[in-house]
$ cat work07.cif   # mmCIF, C-alpha atoms
data_final
#
loop_
_atom_site.group_PDB
_atom_site.id
_atom_site.type_symbol
_atom_site.label_atom_id
_atom_site.label_comp_id
_atom_site.auth_asym_id
_atom_site.auth_seq_id
_atom_site.Cartn_x
_atom_site.Cartn_y
_atom_site.Cartn_z
ATOM 1 C CA MET A 829 34.273 -13.172 -2.965
ATOM 2 C CA LYS A 830 35.114 -9.511 -3.212
ATOM 3 C CA LEU A 831 35.210 -7.243 -0.170
ATOM 4 C CA GLU A 832 36.054 -3.593 -0.670
ATOM 5 C CA ILE A 833 36.154 -0.812 1.915
ATOM 6 C CA THR A 834 37.069 2.459 0.236
ATOM 7 C CA HIS A 835 40.006 4.460 1.532
ATOM 8 C CA GLN A 836 39.018 8.130 1.750
ATOM 9 C CA ASP A 837 41.317 10.992 0.838
ATOM 10 C CA ARG A 838 40.266 12.929 3.931
ATOM 11 C CA TYR A 839 38.644 11.832 7.181
ATOM 12 C CA SER A 840 36.499 13.940 9.481
ATOM 13 C CA ARG A 841 38.048 14.681 12.864
ATOM 14 C CA GLY A 842 34.627 15.650 14.198
ATOM 15 C CA GLU A 843 33.090 12.330 13.182
ATOM 16 C CA LEU A 844 36.093 10.501 14.634
ATOM 17 C CA LEU A 845 35.587 12.138 18.028
ATOM 18 C CA LEU A 846 31.816 11.717 17.884
ATOM 19 C CA ARG A 847 32.176 7.985 17.119
ATOM 20 C CA THR A 848 34.803 7.561 19.817
ATOM 21 C CA PHE A 849 32.761 9.105 22.612
ATOM 22 C CA PHE A 850 29.183 8.404 21.524
ATOM 23 C CA GLY A 851 29.439 5.748 18.803
ATOM 24 C CA VAL A 852 28.336 2.993 21.144
ATOM 25 C CA ILE A 853 25.114 4.895 21.840
ATOM 26 C CA TYR A 854 24.107 6.080 18.389
ATOM 27 C CA ILE A 855 25.718 3.430 16.144
ATOM 28 C CA ALA A 856 26.456 0.190 17.989
ATOM 29 C CA VAL A 857 23.342 -0.098 20.178
ATOM 30 C CA PRO A 858 20.657 0.426 17.513
ATOM 31 C CA HIS A 859 22.442 -1.575 14.819
ATOM 32 C CA TYR A 860 23.586 -4.491 16.976
ATOM 33 C CA PHE A 861 20.200 -4.672 18.708
ATOM 34 C CA LEU A 862 18.575 -5.394 15.348
ATOM 35 C CA LEU A 863 21.489 -7.501 14.085
ATOM 36 C CA PHE A 864 21.243 -9.714 17.175
ATOM 37 C CA PHE A 865 17.765 -10.896 16.187
ATOM 38 C CA LEU A 866 18.701 -11.250 12.543
ATOM 39 C CA PHE A 867 21.740 -13.335 13.482
ATOM 40 C CA ILE A 868 19.436 -15.690 15.393
ATOM 41 C CA TRP A 869 17.338 -16.012 12.239
ATOM 42 C CA SER A 870 20.554 -16.411 10.236
ATOM 43 C CA ALA A 871 21.543 -19.373 12.418
ATOM 44 C CA VAL A 872 18.154 -20.995 11.757
ATOM 45 C CA LEU A 873 18.652 -20.430 8.035
ATOM 46 C CA GLY A 874 22.158 -21.894 8.319
ATOM 47 C CA PHE A 875 20.664 -25.087 9.744
ATOM 48 C CA ILE A 876 18.120 -25.220 6.902
ATOM 49 C CA THR A 877 20.898 -24.542 4.385
ATOM 50 C CA PHE A 878 22.924 -27.509 5.657
ATOM 51 C CA TRP A 879 20.047 -29.901 4.994
ATOM 52 C CA ALA A 880 19.144 -28.281 1.677
ATOM 53 C CA ILE A 881 22.702 -28.670 0.417
ATOM 54 C CA LEU A 882 22.939 -32.223 1.757
ATOM 55 C CA PHE A 883 19.856 -33.288 -0.202
ATOM 56 C CA THR A 884 20.073 -31.061 -3.296
ATOM 57 C CA ALA A 885 23.752 -29.962 -3.513
ATOM 58 C CA ARG A 886 22.458 -26.395 -3.944
ATOM 59 C CA PHE A 887 22.523 -23.354 -1.663
ATOM 60 C CA PRO A 888 18.934 -21.977 -1.643
ATOM 61 C CA GLU A 889 18.988 -18.716 -3.582
ATOM 62 C CA GLY A 890 16.761 -16.668 -1.261
ATOM 63 C CA ILE A 891 18.675 -17.743 1.825
ATOM 64 C CA PHE A 892 21.988 -17.036 0.083
ATOM 65 C CA GLU A 893 20.934 -13.494 -0.819
ATOM 66 C CA PHE A 894 19.623 -12.805 2.691
ATOM 67 C CA GLN A 895 22.815 -14.050 4.346
ATOM 68 C CA VAL A 896 25.096 -12.007 2.067
ATOM 69 C CA LYS A 897 23.006 -8.859 2.632
ATOM 70 C CA LEU A 898 23.171 -9.467 6.382
ATOM 71 C CA MET A 899 26.978 -9.764 6.180
ATOM 72 C CA ASN A 900 27.057 -6.519 4.181
ATOM 73 C CA TRP A 901 25.113 -4.742 6.921
ATOM 74 C CA GLN A 902 27.421 -6.054 9.634
ATOM 75 C CA LEU A 903 30.485 -5.019 7.619
ATOM 76 C CA ARG A 904 29.091 -1.491 7.109
ATOM 77 C CA VAL A 905 28.681 -1.084 10.860
ATOM 78 C CA ASP A 906 32.111 -2.599 11.564
ATOM 79 C CA ALA A 907 33.826 -0.316 9.031
ATOM 80 C CA VAL A 908 32.337 2.813 10.605
ATOM 81 C CA LEU A 909 33.058 1.754 14.201
ATOM 82 C CA ALA A 910 36.643 0.850 13.245
ATOM 83 C CA ASN A 911 37.047 4.332 11.693
ATOM 84 C CA LEU A 912 37.805 2.842 8.265
ATOM 85 C CA ILE A 913 35.147 5.102 6.738
ATOM 86 C CA ASP A 914 33.183 8.176 7.752
ATOM 87 C CA GLY A 915 29.422 8.443 7.688
ATOM 88 C CA TYR A 916 26.558 6.577 9.287
ATOM 89 C CA PRO A 917 25.923 2.957 8.247
ATOM 90 C CA ALA A 918 22.635 2.309 6.483
ATOM 91 C CA PHE A 919 20.107 0.242 8.405
ATOM 92 C CA GLY A 920 18.700 -3.010 7.133
ATOM 93 C CA ILE A 921 19.641 -5.780 4.797
ATOM 94 C CA LYS A 922 18.492 -3.654 1.864
ATOM 95 C CA GLY A 923 20.786 -0.821 2.915
ATOM 96 C CA THR A 924 23.744 0.024 0.740
ATOM 97 C CA SER A 925 26.984 1.914 0.978
ATOM 98 C CA ASP A 926 29.165 3.477 -1.677
ATOM 99 C CA LYS A 927 32.182 2.796 0.568
ATOM 100 C CA VAL A 928 31.618 -0.814 1.723
ATOM 101 C CA SER A 929 30.825 -3.661 -0.625
ATOM 102 C CA LEU A 930 30.776 -7.431 -0.189
ATOM 103 C CA GLN A 931 30.030 -9.422 -3.318
ATOM 104 C CA VAL A 932 29.687 -13.183 -3.161
ATOM 105 C CA GLU A 933 28.826 -15.288 -6.165
ATOM 106 C CA ARG A 934 26.313 -18.036 -5.458
ATOM 107 C CA PRO A 935 27.749 -21.412 -6.488
ATOM 108 C CA GLU A 936 25.804 -23.564 -8.928
ATOM 109 C CA ARG A 937 26.531 -26.639 -6.836
ATOM 110 C CA VAL A 938 28.037 -27.247 -3.403
ATOM 111 C CA SER A 939 30.001 -30.408 -2.714
ATOM 112 C CA ARG A 940 28.150 -32.677 -0.310
ATOM 113 C CA GLY A 941 31.421 -34.331 0.718
ATOM 114 C CA LEU A 942 32.972 -30.966 1.584
ATOM 115 C CA LEU A 943 29.751 -29.996 3.342
ATOM 116 C CA LEU A 944 30.093 -32.955 5.703
ATOM 117 C CA LEU A 945 33.844 -32.464 6.082
ATOM 118 C CA ARG A 946 33.366 -28.800 7.052
ATOM 119 C CA ALA A 947 30.470 -29.589 9.365
ATOM 120 C CA PHE A 948 32.380 -32.218 11.340
ATOM 121 C CA LEU A 949 36.073 -31.355 10.910
ATOM 122 C CA GLY A 950 36.052 -27.705 9.811
ATOM 123 C CA TRP A 951 37.182 -26.648 13.267
ATOM 124 C CA ALA A 952 40.361 -28.711 12.818
ATOM 125 C CA TYR A 953 41.510 -28.075 9.276
ATOM 126 C CA VAL A 954 40.120 -24.535 8.915
ATOM 127 C CA GLY A 955 39.411 -23.213 12.399
ATOM 128 C CA ILE A 956 42.767 -23.984 13.984
ATOM 129 C CA PRO A 957 45.224 -22.781 11.305
ATOM 130 C CA HIS A 958 43.172 -19.772 10.222
ATOM 131 C CA GLY A 959 42.107 -19.042 13.797
ATOM 132 C CA VAL A 960 45.714 -18.864 15.010
ATOM 133 C CA CYS A 961 46.692 -16.570 12.136
ATOM 134 C CA LEU A 962 43.625 -14.363 12.516
ATOM 135 C CA TYR A 963 44.103 -14.106 16.269
ATOM 136 C CA GLY A 964 47.571 -12.627 15.752
ATOM 137 C CA LEU A 965 46.342 -10.403 12.935
ATOM 138 C CA GLN A 966 43.445 -9.148 15.062
ATOM 139 C CA MET A 967 45.889 -8.097 17.772
ATOM 140 C CA ALA A 968 47.969 -6.274 15.155
ATOM 141 C CA THR A 969 44.794 -4.680 13.776
ATOM 142 C CA GLY A 970 43.988 -3.334 17.232
ATOM 143 C CA VAL A 971 47.393 -1.656 17.416
ATOM 144 C CA VAL A 972 47.130 -0.262 13.882
ATOM 145 C CA GLU A 973 43.599 1.056 14.516
ATOM 146 C CA PHE A 974 44.791 2.752 17.712
ATOM 147 C CA LEU A 975 47.699 4.429 15.889
ATOM 148 C CA ALA A 976 45.471 5.335 12.922
ATOM 149 C CA TRP A 977 43.043 7.032 15.296
ATOM 150 C CA TRP A 978 45.776 9.479 16.309
ATOM 151 C CA VAL A 979 46.896 10.041 12.729
ATOM 152 C CA VAL A 980 43.318 10.825 11.675
ATOM 153 C CA LEU A 981 42.896 13.136 14.660
ATOM 154 C CA PHE A 982 45.991 15.195 13.831
ATOM 155 C CA LYS A 983 46.242 14.881 10.034
ATOM 156 C CA ALA A 984 42.673 13.942 8.939
ATOM 157 C CA GLU A 985 44.258 11.122 6.922
ATOM 158 C CA TYR A 986 44.245 7.359 7.424
ATOM 159 C CA PRO A 987 47.555 5.903 6.160
ATOM 160 C CA GLU A 988 46.613 3.905 3.075
ATOM 161 C CA SER A 989 48.815 0.882 3.845
ATOM 162 C CA TRP A 990 47.327 0.662 7.356
ATOM 163 C CA HIS A 991 43.832 0.903 5.914
ATOM 164 C CA GLU A 992 44.562 -1.882 3.422
ATOM 165 C CA PHE A 993 46.005 -4.055 6.206
ATOM 166 C CA ASN A 994 42.887 -3.627 8.364
ATOM 167 C CA VAL A 995 40.588 -4.294 5.402
ATOM 168 C CA GLY A 996 42.719 -7.321 4.471
ATOM 169 C CA VAL A 997 42.295 -8.856 7.920
ATOM 170 C CA ARG A 998 38.528 -8.450 7.628
ATOM 171 C CA ARG A 999 38.649 -9.904 4.105
ATOM 172 C CA TRP A 1000 40.509 -12.968 5.395
ATOM 173 C CA GLY A 1001 37.985 -13.472 8.194
ATOM 174 C CA VAL A 1002 35.053 -13.172 5.789
ATOM 175 C CA ARG A 1003 36.619 -15.753 3.458
ATOM 176 C CA VAL A 1004 36.904 -18.213 6.349
ATOM 177 C CA ALA A 1005 33.292 -17.535 7.385
ATOM 178 C CA LEU A 1006 32.086 -18.041 3.814
ATOM 179 C CA TYR A 1007 33.927 -21.351 3.495
ATOM 180 C CA LEU A 1008 32.688 -22.680 6.835
ATOM 181 C CA GLY A 1009 29.171 -21.403 6.060
ATOM 182 C CA PHE A 1010 29.042 -23.435 2.815
ATOM 183 C CA TYR A 1011 28.947 -20.368 0.539
ATOM 184 C CA THR A 1012 31.936 -21.643 -1.417
ATOM 185 C CA ASP A 1013 33.913 -24.857 -1.823
ATOM 186 C CA GLU A 1014 37.162 -22.936 -2.343
ATOM 187 C CA TYR A 1015 39.468 -23.279 0.668
ATOM 188 C CA PRO A 1016 40.268 -19.772 1.992
ATOM 189 C CA PRO A 1017 43.787 -18.591 1.172
ATOM 190 C CA PHE A 1018 46.134 -17.397 3.900
ATOM 191 C CA SER A 1019 46.168 -13.911 2.432
ATOM 192 C CA LEU A 1020 45.093 -10.327 3.088
ATOM 193 C CA LYS A 1021 44.838 -9.560 -0.617
ATOM 194 C CA ALA A 1022 41.637 -9.145 -2.612
#

$ encode --input "work07.cif" --output "structure tokens"
Amino acid sequence: MKLEITHQDRYSRGELLLRTFFGVIYIAVPHYFLLFFLFIWSAVLGFITFWAILFTARFPEGIFEFQVKLMNWQLRVDAVLANLIDGYPAFGIKGTSDKVSLQVERPERVSRGLLLLRAFLGWAYVGIPHGVCLYGLQMATGVVEFLAWWVVLFKAEYPESWHEFNVGVRRWGVRVALYLGFYTDEYPPFSLKA
């Protein structure tokens, strides 16, 4: 898995203010309205994927591609709303961004044993330890994003180490989601690094 959100040299103060005051209306509402229905479909596909892997040990290719593209769309919207990048996120699962990229390699085979272990005990051995860590990191991310907002407003720059921290927290969360969603058999590391 590779998640990259590009750090810009300069950030737009105008876009920052526009997103802050009107972003819910012109970014969040239209995107999340459509994403809501696609996430329902994604859950149905997740159920189908479970049974497909259980019987064939393979993640269906079409479903895999759809799910990864859907995650890309959600990450594009999240990156803009969190002020990690400027611009307007592209609509749709076929949309792209030169600033946000999630690449996930489809596994040749998925372990049926791990599939069952994740389905029944994933909450215990993945959800609890990673959840506790991510909860604390999400609180720290909120503070860093608040401080970064002011830095961007006054200096038009997002401190690079803060940006990498916020991207790293998202990267960690995506790794956990990929593992629990059967996209990989590799246990997610406790790390913010790429």

$ closest_residue --input "work07.cif" --among "A:Ala871, A:Ala947, A:Ala952, A:Leu1020" --to "Arg998 in chain A" --atoms "all atoms listed in the file"
A:Leu1020

$ closest_residue --input "work07.cif" --among "A:Leu912, A:Pro917, A:Phe864, A:Ser870" --to "Glu988 in chain A" --atoms "all atoms listed in the file"
A:Leu912

$ residues_near_point --input "work07.cif" --point "(43.8, 20.4, 6.2)" --cutoff "12 Å" --atoms "only C-alpha atoms" --output "list in words"
Asp837, Arg838, Tyr839, Ser840, Arg841, Val980, Leu981, Phe982, Lys983, Ala984 and Glu985 of chain A

$ closest_atom_pairs --input "work07.cif" --of "range 949-1009 of chain A" --to "range 897-911 of chain A" --cutoff "9 Å" --atoms "only C-alpha atoms" --output "Markdown table"
| residue | atom | partner | partner_atom | distance |
| --- | --- | --- | --- | --- |
| A:Glu973 | CA | A:Ala910 | CA | 7.1 |
| A:Ala976 | CA | A:Asn911 | CA | 8.6 |
| A:Trp977 | CA | A:Asn911 | CA | 7.5 |
| A:Tyr986 | CA | A:Asn911 | CA | 8.9 |
| A:Val995 | CA | A:Ala907 | CA | 8.6 |
| A:Arg998 | CA | A:Leu903 | CA | 8.7 |
| A:Val1002 | CA | A:Met899 | CA | 8.8 |

$ closest_residue --input "work07.cif" --among "A:Thr924, A:Thr834, A:Ser929, A:Gln895" --to "Leu866 in chain A" --atoms "only C-alpha atoms"
A:Gln895

$ resolve_selection --input "work07.cif" --expression "the PyMOL selection byres ((chain A and resi 876-888) around 7)" --output "list in words"
Val872, Leu873, Gly874, Phe875, Glu889, Gly890, Ile891, Phe892, Glu936, Arg937, Val938, Ser939 and Arg940 of chain A

$ closest_residue --input "work07.cif" --among "A:Leu930, A:Leu846, A:Val997, A:Val896" --to "Val972 in chain A" --atoms "all atoms listed in the file"
A:Val997

$ atom_distance --input "work07.cif" --atom1 "CA of Ile853 in chain A" --atom2 "CA of Asn994 in chain A"
23.9 Å

$ closest_residue --input "work07.cif" --among "A:Leu962, A:Met829, A:Ala856, A:Ala918" --to "Glu1014 in chain A" --atoms "all atoms listed in the file"
A:Met829

$ closest_residue --input "work07.cif" --among "A:Gly950, A:Gly955, A:Gly920, A:Gly842" --to "Pro858 in chain A" --atoms "only C-alpha atoms"
A:Gly920

$ resolve_selection --input "work07.cif" --expression "the PyMOL selection byres ((chain A and resi 954) around 10)" --output "PyMOL selection string"
chain A and resi 946+949-953+955-959+1004-1005+1007-1008+1015-1016

$ axis_aligned_box --input "work07.cif" --around "range 983-989 of chain A" --padding-each-side "4 Å" --output "JSON"
{"center_x": 45.7, "center_y": 7.9, "center_z": 6.6, "size_x": 14.1, "size_y": 22.0, "size_z": 15.0}

$ atom_distance --input "work07.cif" --atom1 "CA of Gln836 in chain A" --atom2 "CA of Glu893 in chain A"
28.3 Å

$ atom_distance --input "work07.cif" --atom1 "CA of Lys1021 in chain A" --atom2 "CA of Arg934 in chain A"
20.9 Å

$ build_atoms --input "work07.cif" --residues "range 965-987 of chain A" --atoms "N, CA and C atoms" --output "PDB file, in the coordinates of the input"
ATOM      1  N   LEU A 965      46.648 -11.557  13.789  1.00  0.00           N
ATOM      2  CA  LEU A 965      46.342 -10.403  12.935  1.00  0.00           C
ATOM      3  C   LEU A 965      45.346  -9.453  13.598  1.00  0.00           C
ATOM      4  N   GLN A 966      44.398 -10.001  14.354  1.00  0.00           N
ATOM      5  CA  GLN A 966      43.445  -9.148  15.062  1.00  0.00           C
ATOM      6  C   GLN A 966      44.148  -8.302  16.127  1.00  0.00           C
ATOM      7  N   MET A 967      45.121  -8.883  16.788  1.00  0.00           N
ATOM      8  CA  MET A 967      45.889  -8.097  17.772  1.00  0.00           C
ATOM      9  C   MET A 967      46.646  -6.981  17.065  1.00  0.00           C
ATOM     10  N   ALA A 968      47.253  -7.296  15.923  1.00  0.00           N
ATOM     11  CA  ALA A 968      47.969  -6.274  15.155  1.00  0.00           C
ATOM     12  C   ALA A 968      46.999  -5.209  14.648  1.00  0.00           C
ATOM     13  N   THR A 969      45.813  -5.628  14.235  1.00  0.00           N
ATOM     14  CA  THR A 969      44.794  -4.680  13.776  1.00  0.00           C
ATOM     15  C   THR A 969      44.423  -3.709  14.886  1.00  0.00           C
ATOM     16  N   GLY A 970      44.292  -4.213  16.101  1.00  0.00           N
ATOM     17  CA  GLY A 970      43.988  -3.334  17.232  1.00  0.00           C
ATOM     18  C   GLY A 970      45.034  -2.255  17.417  1.00  0.00           C
ATOM     19  N   VAL A 971      46.300  -2.625  17.282  1.00  0.00           N
ATOM     20  CA  VAL A 971      47.393  -1.656  17.416  1.00  0.00           C
ATOM     21  C   VAL A 971      47.346  -0.643  16.266  1.00  0.00           C
ATOM     22  N   VAL A 972      47.170  -1.150  15.052  1.00  0.00           N
ATOM     23  CA  VAL A 972      47.130  -0.262  13.882  1.00  0.00           C
ATOM     24  C   VAL A 972      45.936   0.689  13.960  1.00  0.00           C
ATOM     25  N   GLU A 973      44.778   0.181  14.393  1.00  0.00           N
ATOM     26  CA  GLU A 973      43.599   1.056  14.516  1.00  0.00           C
ATOM     27  C   GLU A 973      43.820   2.127  15.577  1.00  0.00           C
ATOM     28  N   PHE A 974      44.483   1.771  16.674  1.00  0.00           N
ATOM     29  CA  PHE A 974      44.791   2.752  17.712  1.00  0.00           C
ATOM     30  C   PHE A 974      45.715   3.849  17.168  1.00  0.00           C
ATOM     31  N   LEU A 975      46.766   3.453  16.463  1.00  0.00           N
ATOM     32  CA  LEU A 975      47.699   4.429  15.889  1.00  0.00           C
ATOM     33  C   LEU A 975      47.017   5.269  14.806  1.00  0.00           C
ATOM     34  N   ALA A 976      46.177   4.614  13.993  1.00  0.00           N
ATOM     35  CA  ALA A 976      45.471   5.335  12.922  1.00  0.00           C
ATOM     36  C   ALA A 976      44.518   6.372  13.502  1.00  0.00           C
ATOM     37  N   TRP A 977      43.939   6.075  14.654  1.00  0.00           N
ATOM     38  CA  TRP A 977      43.043   7.032  15.296  1.00  0.00           C
ATOM     39  C   TRP A 977      43.772   8.350  15.535  1.00  0.00           C
ATOM     40  N   TRP A 978      44.998   8.271  16.036  1.00  0.00           N
ATOM     41  CA  TRP A 978      45.776   9.479  16.309  1.00  0.00           C
ATOM     42  C   TRP A 978      46.182  10.194  15.029  1.00  0.00           C
ATOM     43  N   VAL A 979      46.523   9.417  14.000  1.00  0.00           N
ATOM     44  CA  VAL A 979      46.896  10.041  12.729  1.00  0.00           C
ATOM     45  C   VAL A 979      45.694  10.782  12.141  1.00  0.00           C
ATOM     46  N   VAL A 980      44.523  10.159  12.187  1.00  0.00           N
ATOM     47  CA  VAL A 980      43.318  10.825  11.675  1.00  0.00           C
ATOM     48  C   VAL A 980      43.010  12.077  12.494  1.00  0.00           C
ATOM     49  N   LEU A 981      43.172  11.989  13.800  1.00  0.00           N
ATOM     50  CA  LEU A 981      42.896  13.136  14.660  1.00  0.00           C
ATOM     51  C   LEU A 981      43.783  14.336  14.319  1.00  0.00           C
ATOM     52  N   PHE A 982      45.066  14.082  14.073  1.00  0.00           N
ATOM     53  CA  PHE A 982      45.991  15.195  13.831  1.00  0.00           C
ATOM     54  C   PHE A 982      46.146  15.569  12.360  1.00  0.00           C
ATOM     55  N   LYS A 983      46.002  14.595  11.452  1.00  0.00           N
ATOM     56  CA  LYS A 983      46.242  14.881  10.034  1.00  0.00           C
ATOM     57  C   LYS A 983      45.003  14.731   9.155  1.00  0.00           C
ATOM     58  N   ALA A 984      43.904  14.202   9.696  1.00  0.00           N
ATOM     59  CA  ALA A 984      42.673  13.942   8.939  1.00  0.00           C
ATOM     60  C   ALA A 984      42.925  12.972   7.788  1.00  0.00           C
ATOM     61  N   GLU A 985      43.923  12.127   7.934  1.00  0.00           N
ATOM     62  CA  GLU A 985      44.258  11.122   6.922  1.00  0.00           C
ATOM     63  C   GLU A 985      44.459   9.776   7.607  1.00  0.00           C
ATOM     64  N   TYR A 986      44.039   8.725   6.936  1.00  0.00           N
ATOM     65  CA  TYR A 986      44.245   7.359   7.424  1.00  0.00           C
ATOM     66  C   TYR A 986      45.321   6.772   6.512  1.00  0.00           C
ATOM     67  N   PRO A 987      46.502   6.432   7.036  1.00  0.00           N
ATOM     68  CA  PRO A 987      47.555   5.903   6.160  1.00  0.00           C
ATOM     69  C   PRO A 987      47.030   4.741   5.312  1.00  0.00           C
TER      70      PRO A 987
END
